[in-house]
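Only one structure is covered here, and it is reproduced in the block below.
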Number of protein chains: 2
Amino acid sequence: MQMEQVQACIIPTTDPHISEYTPDRWKTRAWISGFTGSAGIIVITNNKAGLWTDSRYFLQAEEQLKDSGIDLYKTGLPDTPVSNDWIASELSEGDCIGIEGAVYAAEEAKSLINYFTSKNLKVRADFAPYDLLWENRPAIPINPAFILPERFAGKSCRDKIEEVIAEAKKNEAEITILAALDTIAWLFNIRGNDVEYNPVCVSYAAVSESETVLFISPEKLTQEVSDYLQQEGVTVAGYEKITDYICQIPSNTSVLTTPSKINYQLYSLLSEKCTVKDIAVHPADSLKSIKNEVEIAGIRNAMKKDGVAMVKFLIDLEKALSNNETVTELNVETKLKTYRSGQADYFGESFKTIAGYGAHGAIVHYGATPESNAVIRPDGILLIDSGAQYFDGTTDITRTVSTGKVSDTIKRNFTNVLKGHIQIALAVFPEGTVGMQLDILSRQFLWKSGQNFLHGTGHGIGCFLNVHEGPQSIRMNYNPAPLKPGMITSNEPGLYLAGEYGIRIENLLLTINAKTTEFGNFYAFETLTLCPIDKRLIDCSLLSSEEIEWLNNYHQKVYTQLSPLLSDEERHWLKKKTEAIT
Amino acid sequence: MQMEQVQACIIPTTDPHISEYTPDRWKTRAWISGFTGSAGIIVITNNKAGLWTDSRYFLQAEEQLKDSGIDLYKTGLPDTPVSNDWIASELSEGDCIGIEGAVYAAEEAKSLINYFTSKNLKVRADFAPYDLLWENRPAIPINPAFILPERFAGKSCRDKIEEVIAEAKKNEAEITILAALDTIAWLFNIRGNDVEYNPVCVSYAAVSESETVLFISPEKLTQEVSDYLQQEGVTVAGYEKITDYICQIPSNTSVLTTPSKINYQLYSLLSEKCTVKDIAVHPADSLKSIKNEVEIAGIRNAMKKDGVAMVKFLIDLEKALSNNETVTELNVETKLKTYRSGQADYFGESFKTIAGYGAHGAIVHYGATPESNAVIRPDGILLIDSGAQYFDGTTDITRTVSTGKVSDTIKRNFTNVLKGHIQIALAVFPEGTVGMQLDILSRQFLWKSGQNFLHGTGHGIGCFLNVHEGPQSIRMNYNPAPLKPGMITSNEPGLYLAGEYGIRIENLLLTINAKTTEFGNFYAFETLTLCPIDKRLIDCSLLSSEEIEWLNNYHQKVYTQLSPLLSDEERHWLKKKTEAIT
């Protein structure tokens, strides 16, 4: 920092592709601090260093920062300064802040630069001494890419490229640059192994009428994949060649890109070289979010497999508990993985399983470790959030189950969460509706009890792609992307009582056409996930007749779809678990 | 236009204060076109002229534009071009569009200028030949201002000014400029007669620590008002002197203003002379929206008076109909005005009464005219939306009443609207919740039937001020202003079946504290409006027990609060109308 005349530097959590999960190569924040949580930023000045992270990670950060000399700033607490304010207060007029533009979303870097400039501070966006300092820094991953056959993708790469070009044209752009790994994987019908849980390949892409280029390390391409790409009309160039490509774009060319999905370094280069057209939601992401018929058939099939795995696991768990066998949270993780990996076209988990017994269930992003691993006792409830990547679809399901005795309060709380879940599942809404409008349906019963949950009600999900994808969501926050037929979104209200337990019920929903009237088009949801909801936790007296009807119909569907895939014993168990309530 | 080398001009509907209702002086669009609707813009090019207005005014505009040479462009229909696109398509590169910056919100003018500049067109914001062309153009009104005593206002002008100065400081501004007439009336505790239905005075204001200036025509100030203002430490200057004031602001002064609430002419001048700080919601508007205890006591009292007037009117209507007397929509308007004007501290109506019988009820902004005036028959339903300005509060109430026979379909539709109304009234929500989150509560039952209403569920309302005020609202659209304790907001879901009938049920709600838990502060609504809801239109089988309980409690409250103010006969009627349903 002194050599570069920088008085403070900031190290965020993302990578050049603004990924939620990043390859080890870009885990700079974890390398420098030892803190491995999924969110947080490090700030270093000449005489201080701080980590800003949120309540999910307070305990973990305290532990991991011990003796590091890095202070912990707990984001969201009233006395915690915002990191940028803190930096401004620590520096003097004219001082310079260094950031690595390559690992900042352009949108974020621009707002950060605006802020510091307004405080008479300078920002250098090329401060990245990490290659020099980081011994044995992991390389950019070169795991092989593979083709996702059209029987899973439902649409050829060539057709998708045509659609993206047409959309770019509508936006008066000649070229569009993509950096988001899931968007690129979707567009080219390729998948990879570069990021844990996300079947993507580190790459960039440029799409124009004259040429479509995939920027990817040649080591990642087998002959088969190279041939396939050539056949689809795709030019392949080295990963780093994206810079050369941008430099040779003629100066009056207009280039479409999404500032929240491209890194600041590339964005700045584009802005220098040509006319950048910003678009809040990239048309490729809109296209990706609307699943085609093959993808929908695929996810329906994946749901059956996932439901079978869940049923087998739940039966095991019940048996083990009733036999007084020792079952731990890590056992749950292993068992689930075993049952899922036995299913056809299984690829891997879609995220780290959250198996939180008792108080661990109240830690929203809990992941059991050998140190934390709790034994599940026949008392209270267990929250299990898990999912898989199958070639025909990505799953994400949460069930909260009774492990023995449960209090009336637990039942009341569970039922209020369930009522919210059902009201979302039953929603009908006009074309143009955004998630923020629906969100209250899942929270209204909790709010009346002075309760809430602080995560979203729903996120988009990919098809054999990332478990979190945009553009749509169902949240308390505003997101202008409307819910459209063909989108898949989670429905996962919850309730977390610190030190006691956590409740969450999550199914995936497909947006479908409901009806067209003089008032326009109306949409509704079809629940895709197939797994019983634990009736032992329901206080039926709190459910309306409409809600009881939904639950009984849902359970009927679960039984009908899964029972042909089960053994007699399993079927018998499922029959009982899906019997109608009154 | 040719003299000024302008190839197109645009004439909008508002005034230099960005008012919803404008003094005649600024009804330029109505003067030039003959079209008197409350919304619409005129575009004139060298060889064409067009009016853009929305579905509320299609019929009226067709009528009023007949033989004017002005074409009607129906906003919102799929084939109607957006006016700015149309202008761009009619003009050639380098052409110039003239607008009168003084009657454009700065925000709107800036976005318009951006748009046309991107199309290689020029914009002149000083095109205003109307004084020259408009014979007998009405003068700027000089009706006398008057003081709103503190027993109604609840807080002195001096205290409000202190609060505004403190808020401006928080935003690092030394001066703040106000142009919104209701904000100025609120701040100085003055009222006036310059705008129909809105008790405001044409004026500007500048507030700073060293001086608070009210820019207002001296003719409007009686000695009493002048003395009062002097006593409160307010400097008075002529209405037009705002320009001189801005010109003498030292150049490095920072001035707070709200671009959606100040006209472009003043905003541009400010931007030239000093550092403008934009704020989306002006702190004065936030302060105004949160009613103090005296204002809340006032509105509660106003509601009793308004309820009494409504009850007397409804009794009259029922009697007249059962006696086969001829009752027209205009009779309704007159009768309501008569009963209201008999109440203490009555000032006037808060907007033109909407009395829509049958198909007229489906016209959302219907106002009966001698030509349209329908006779109310003992068949179907009548929608009555009306309100008053009392010194102690502003009212706005809609009731839909049976005038005789009603079909089961009407009952079902009315009950679905009522269910939505009740769900809003029963809402509990955490601090920070915005109207868009609550809106679905009022629409969910209609949406399930493939129905909707295309206006907001709720708007803010002033205290003896404008019937529509911000910043909060409950709408399908995003508005970032959260609902806060002390705000008054309408709750008015409806349903409109073109050519058949309209339904709307409107009460005013006060946001109140509900509870504070480990999850934070939760708010709820208290219904302020006191008037029975027509039970003859309810299909009780569609109401949940919670909804029935709300209705019975509400009716009980209406009876308890109004009965002491009624005659025996009226009380007897109200008793029947408010008896519990099961």
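We label chains A, B, ... in the order they appear in the structure tokens, count residues from 1 in each chain, and number ligands from 1 in the order shown.
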Close residues, B:Glu518 itself excluded, 12 Å, only C-alpha atoms, min 6 positions apart in chain, as number ranges by chain: A: 449-453, 496-498; B: 430
Selection export as an mmCIF file, in the first residue's frame, atoms kept: N, CA, C and O atoms:
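Final file, result-v6.cif:
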data_model
loop_
_atom_site.group_PDB
_atom_site.id
_atom_site.type_symbol
_atom_site.label_atom_id
_atom_site.label_comp_id
_atom_site.auth_asym_id
_atom_site.auth_seq_id
_atom_site.Cartn_x
_atom_site.Cartn_y
_atom_site.Cartn_z
ATOM 1 N N SER A 449 -48.400 -11.947 14.945
ATOM 2 C CA SER A 449 -47.859 -12.385 16.239
ATOM 3 C C SER A 449 -46.603 -11.606 16.616
ATOM 4 O O SER A 449 -45.895 -11.997 17.543
ATOM 5 N N GLY A 450 -46.273 -10.543 15.882
ATOM 6 C CA GLY A 450 -45.056 -9.787 16.180
ATOM 7 C C GLY A 450 -43.792 -10.568 15.841
ATOM 8 O O GLY A 450 -42.747 -10.367 16.447
ATOM 9 N N GLN A 451 -43.901 -11.463 14.852
ATOM 10 C CA GLN A 451 -42.743 -12.256 14.435
ATOM 11 C C GLN A 451 -42.413 -11.969 12.975
ATOM 12 O O GLN A 451 -43.207 -11.365 12.250
ATOM 13 N N ASN A 452 -41.241 -12.405 12.543
ATOM 14 C CA ASN A 452 -40.828 -12.172 11.165
ATOM 15 C C ASN A 452 -39.653 -13.091 10.861
ATOM 16 O O ASN A 452 -39.079 -13.686 11.768
ATOM 17 N N PHE A 453 -39.315 -13.209 9.584
ATOM 18 C CA PHE A 453 -38.038 -13.845 9.233
ATOM 19 C C PHE A 453 -37.324 -12.883 8.304
ATOM 20 O O PHE A 453 -37.946 -12.185 7.511
ATOM 21 N N TYR A 496 -37.218 -18.030 13.157
ATOM 22 C CA TYR A 496 -35.984 -18.413 13.851
ATOM 23 C C TYR A 496 -35.979 -17.795 15.235
ATOM 24 O O TYR A 496 -36.057 -16.567 15.353
ATOM 25 N N LEU A 497 -35.962 -18.620 16.243
ATOM 26 C CA LEU A 497 -35.919 -18.135 17.614
ATOM 27 C C LEU A 497 -34.542 -18.468 18.169
ATOM 28 O O LEU A 497 -34.236 -19.634 18.456
ATOM 29 N N ALA A 498 -33.714 -17.420 18.272
ATOM 30 C CA ALA A 498 -32.305 -17.592 18.640
ATOM 31 C C ALA A 498 -32.187 -18.412 19.921
ATOM 32 O O ALA A 498 -32.884 -18.176 20.903
ATOM 33 N N PRO B 430 -44.208 -4.786 10.084
ATOM 34 C CA PRO B 430 -43.047 -4.235 10.787
ATOM 35 C C PRO B 430 -42.685 -2.835 10.299
ATOM 36 O O PRO B 430 -43.010 -2.454 9.169
#
Interface residues on chain A facing chain B, 7 Å, only C-alpha atoms, written as a ChimeraX atom specification: /A:428-429,436-440,447-448,450-452,515,517,519,522
Non-local contacts of stretch 386-389 of chain B (8 Å; only C-alpha atoms; under 5 positions in same chain excluded) as a ChimeraX atom specification: /B:197,306,340,346-354,394-398,464-465
Write to file, as a PDB file, in the first residue's frame, the residues of the selection just made, with N, CA, C and O atoms.
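The resulting file, part.pdb, is reproduced below:
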ATOM      1  N   TYR B 197     -61.141  23.145  -3.814  1.00  0.00           N
ATOM      2  CA  TYR B 197     -61.071  21.985  -2.901  1.00  0.00           C
ATOM      3  C   TYR B 197     -59.823  21.953  -2.010  1.00  0.00           C
ATOM      4  O   TYR B 197     -59.820  21.280  -0.992  1.00  0.00           O
ATOM      5  N   ASP B 306     -68.636  14.170   9.983  1.00  0.00           N
ATOM      6  CA  ASP B 306     -68.820  13.652   8.634  1.00  0.00           C
ATOM      7  C   ASP B 306     -69.721  12.425   8.650  1.00  0.00           C
ATOM      8  O   ASP B 306     -70.556  12.239   7.757  1.00  0.00           O
ATOM      9  N   ARG B 340     -73.235  18.356   5.208  1.00  0.00           N
ATOM     10  CA  ARG B 340     -71.871  18.622   5.703  1.00  0.00           C
ATOM     11  C   ARG B 340     -71.719  20.074   6.110  1.00  0.00           C
ATOM     12  O   ARG B 340     -71.097  20.381   7.135  1.00  0.00           O
ATOM     13  N   TYR B 346     -67.067  23.772   9.282  1.00  0.00           N
ATOM     14  CA  TYR B 346     -67.062  23.324   7.888  1.00  0.00           C
ATOM     15  C   TYR B 346     -66.448  24.408   7.020  1.00  0.00           C
ATOM     16  O   TYR B 346     -66.716  25.588   7.190  1.00  0.00           O
ATOM     17  N   PHE B 347     -65.633  24.007   6.076  1.00  0.00           N
ATOM     18  CA  PHE B 347     -65.002  24.972   5.173  1.00  0.00           C
ATOM     19  C   PHE B 347     -65.437  24.775   3.719  1.00  0.00           C
ATOM     20  O   PHE B 347     -65.601  25.725   2.976  1.00  0.00           O
ATOM     21  N   GLY B 348     -65.619  23.525   3.304  1.00  0.00           N
ATOM     22  CA  GLY B 348     -66.011  23.264   1.919  1.00  0.00           C
ATOM     23  C   GLY B 348     -65.855  21.781   1.624  1.00  0.00           C
ATOM     24  O   GLY B 348     -65.545  20.987   2.514  1.00  0.00           O
ATOM     25  N   GLU B 349     -66.076  21.420   0.366  1.00  0.00           N
ATOM     26  CA  GLU B 349     -65.866  20.028  -0.023  1.00  0.00           C
ATOM     27  C   GLU B 349     -64.373  19.784  -0.218  1.00  0.00           C
ATOM     28  O   GLU B 349     -63.624  20.716  -0.534  1.00  0.00           O
ATOM     29  N   SER B 350     -63.952  18.548  -0.057  1.00  0.00           N
ATOM     30  CA  SER B 350     -62.523  18.260  -0.247  1.00  0.00           C
ATOM     31  C   SER B 350     -62.231  17.799  -1.678  1.00  0.00           C
ATOM     32  O   SER B 350     -61.071  17.670  -2.056  1.00  0.00           O
ATOM     33  N   PHE B 351     -63.274  17.542  -2.458  1.00  0.00           N
ATOM     34  CA  PHE B 351     -63.148  17.247  -3.897  1.00  0.00           C
ATOM     35  C   PHE B 351     -64.566  17.167  -4.435  1.00  0.00           C
ATOM     36  O   PHE B 351     -65.529  17.150  -3.654  1.00  0.00           O
ATOM     37  N   LYS B 352     -64.711  17.141  -5.757  1.00  0.00           N
ATOM     38  CA  LYS B 352     -66.052  17.066  -6.328  1.00  0.00           C
ATOM     39  C   LYS B 352     -66.641  15.687  -6.039  1.00  0.00           C
ATOM     40  O   LYS B 352     -66.031  14.659  -6.348  1.00  0.00           O
ATOM     41  N   THR B 353     -67.837  15.689  -5.475  1.00  0.00           N
ATOM     42  CA  THR B 353     -68.506  14.426  -5.141  1.00  0.00           C
ATOM     43  C   THR B 353     -68.670  13.554  -6.387  1.00  0.00           C
ATOM     44  O   THR B 353     -69.023  14.041  -7.456  1.00  0.00           O
ATOM     45  N   ILE B 354     -68.364  12.275  -6.199  1.00  0.00           N
ATOM     46  CA  ILE B 354     -68.650  11.291  -7.241  1.00  0.00           C
ATOM     47  C   ILE B 354     -69.892  10.539  -6.791  1.00  0.00           C
ATOM     48  O   ILE B 354     -69.839   9.794  -5.811  1.00  0.00           O
ATOM     49  N   THR B 394     -59.722  16.790   7.292  1.00  0.00           N
ATOM     50  CA  THR B 394     -60.193  16.567   5.921  1.00  0.00           C
ATOM     51  C   THR B 394     -60.744  15.153   5.853  1.00  0.00           C
ATOM     52  O   THR B 394     -60.113  14.216   6.349  1.00  0.00           O
ATOM     53  N   THR B 395     -61.916  14.992   5.250  1.00  0.00           N
ATOM     54  CA  THR B 395     -62.501  13.647   5.148  1.00  0.00           C
ATOM     55  C   THR B 395     -62.590  13.213   3.682  1.00  0.00           C
ATOM     56  O   THR B 395     -62.571  14.043   2.773  1.00  0.00           O
ATOM     57  N   ASP B 396     -62.702  11.920   3.492  1.00  0.00           N
ATOM     58  CA  ASP B 396     -62.777  11.315   2.159  1.00  0.00           C
ATOM     59  C   ASP B 396     -63.349   9.926   2.391  1.00  0.00           C
ATOM     60  O   ASP B 396     -62.685   9.069   2.966  1.00  0.00           O
ATOM     61  N   ILE B 397     -64.587   9.724   1.977  1.00  0.00           N
ATOM     62  CA  ILE B 397     -65.276   8.458   2.263  1.00  0.00           C
ATOM     63  C   ILE B 397     -65.999   7.980   1.019  1.00  0.00           C
ATOM     64  O   ILE B 397     -66.572   8.771   0.277  1.00  0.00           O
ATOM     65  N   THR B 398     -65.971   6.686   0.769  1.00  0.00           N
ATOM     66  CA  THR B 398     -66.784   6.108  -0.295  1.00  0.00           C
ATOM     67  C   THR B 398     -67.672   5.023   0.294  1.00  0.00           C
ATOM     68  O   THR B 398     -67.194   4.156   1.044  1.00  0.00           O
ATOM     69  N   PHE B 464     -56.992  19.313   7.203  1.00  0.00           N
ATOM     70  CA  PHE B 464     -57.491  20.540   6.594  1.00  0.00           C
ATOM     71  C   PHE B 464     -56.495  20.965   5.514  1.00  0.00           C
ATOM     72  O   PHE B 464     -56.021  22.087   5.495  1.00  0.00           O
ATOM     73  N   LEU B 465     -56.205  20.026   4.649  1.00  0.00           N
ATOM     74  CA  LEU B 465     -55.290  20.275   3.521  1.00  0.00           C
ATOM     75  C   LEU B 465     -55.708  19.399   2.345  1.00  0.00           C
ATOM     76  O   LEU B 465     -56.847  18.955   2.287  1.00  0.00           O
TER      77      LEU B 465
END
Per-residue DSSP, stretch 470-508 of chain A, filtered to strand (DSSP E or B), as a ChimeraX atom specification: /A:470-474,482,488-491,494-497,501-504,506-508
Residue neighbourhood stretch 264-274 of chain A, 9 Å, only C-alpha atoms, exclusion window fewer than 5 positions, as a list in words: Pro16, Glu100, Gly101, Ala102, Val103, Tyr104, Ala105, Ala106, Glu107, Glu108, Ala109, Lys110, Ala125, Asp126, Ile242, Thr243, Ile246, Cys247, Gln248, Ile249, Pro250, Ser251, Asn252, Thr253, Ser254, Val255, Thr257 and Pro259 of chain A
Same residues, C-alpha atoms, saved as a PDB file, in the first residue's frame:
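So selection.pdb came out as:
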ATOM      1  CA  PRO A  16     -14.420 -11.377 -11.734  1.00  0.00           C
ATOM      2  CA  GLU A 100      -9.336  -4.427  -7.262  1.00  0.00           C
ATOM      3  CA  GLY A 101     -11.739  -3.404 -10.027  1.00  0.00           C
ATOM      4  CA  ALA A 102     -11.759  -6.961 -11.384  1.00  0.00           C
ATOM      5  CA  VAL A 103     -13.629  -8.305  -8.346  1.00  0.00           C
ATOM      6  CA  TYR A 104     -16.183  -5.505  -8.011  1.00  0.00           C
ATOM      7  CA  ALA A 105     -19.480  -5.344  -9.861  1.00  0.00           C
ATOM      8  CA  ALA A 106     -19.291  -2.206 -12.034  1.00  0.00           C
ATOM      9  CA  GLU A 107     -22.431  -0.879 -10.365  1.00  0.00           C
ATOM     10  CA  GLU A 108     -20.952  -1.242  -6.897  1.00  0.00           C
ATOM     11  CA  ALA A 109     -17.555   0.193  -7.811  1.00  0.00           C
ATOM     12  CA  LYS A 110     -19.184   3.197  -9.454  1.00  0.00           C
ATOM     13  CA  ALA A 125      -9.424   0.609  -9.075  1.00  0.00           C
ATOM     14  CA  ASP A 126      -6.265  -1.248 -10.117  1.00  0.00           C
ATOM     15  CA  ILE A 242     -11.650 -10.858 -23.452  1.00  0.00           C
ATOM     16  CA  THR A 243      -9.495  -7.763 -22.954  1.00  0.00           C
ATOM     17  CA  ILE A 246     -12.874  -5.360 -26.122  1.00  0.00           C
ATOM     18  CA  CYS A 247      -9.888  -3.301 -27.252  1.00  0.00           C
ATOM     19  CA  GLN A 248     -10.584  -4.048 -30.907  1.00  0.00           C
ATOM     20  CA  ILE A 249     -14.313  -3.133 -30.801  1.00  0.00           C
ATOM     21  CA  PRO A 250     -14.819  -0.174 -33.209  1.00  0.00           C
ATOM     22  CA  SER A 251     -15.349   2.992 -31.192  1.00  0.00           C
ATOM     23  CA  ASN A 252     -18.928   3.813 -32.201  1.00  0.00           C
ATOM     24  CA  THR A 253     -20.224   0.313 -31.513  1.00  0.00           C
ATOM     25  CA  SER A 254     -22.925   0.054 -28.842  1.00  0.00           C
ATOM     26  CA  VAL A 255     -22.431  -2.745 -26.337  1.00  0.00           C
ATOM     27  CA  THR A 257     -24.159  -5.116 -20.526  1.00  0.00           C
ATOM     28  CA  PRO A 259     -23.497  -3.253 -14.493  1.00  0.00           C
TER      29      PRO A 259
END
Neighbour list for stretch 567-581 of chain A as a list of chain:residue names, cut-off 6 Å, only C-alpha atoms, skip fewer than 2 positions in-chain: A:Asn552, A:His555, A:Ser563
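Residues in contact with A:Thr117 at up to 12 Å, not including ones fewer than 3 positions away on its chain and judged by only C-alpha atoms, are Asn84, Ala88, Glu93, Gly94, Asp95, Cys96, Ile97, Ala109, Lys110, Ser111, Leu112, Ile113, Asn114, Asn120, Leu121, Lys122, Val123 and Arg124 of chain A.
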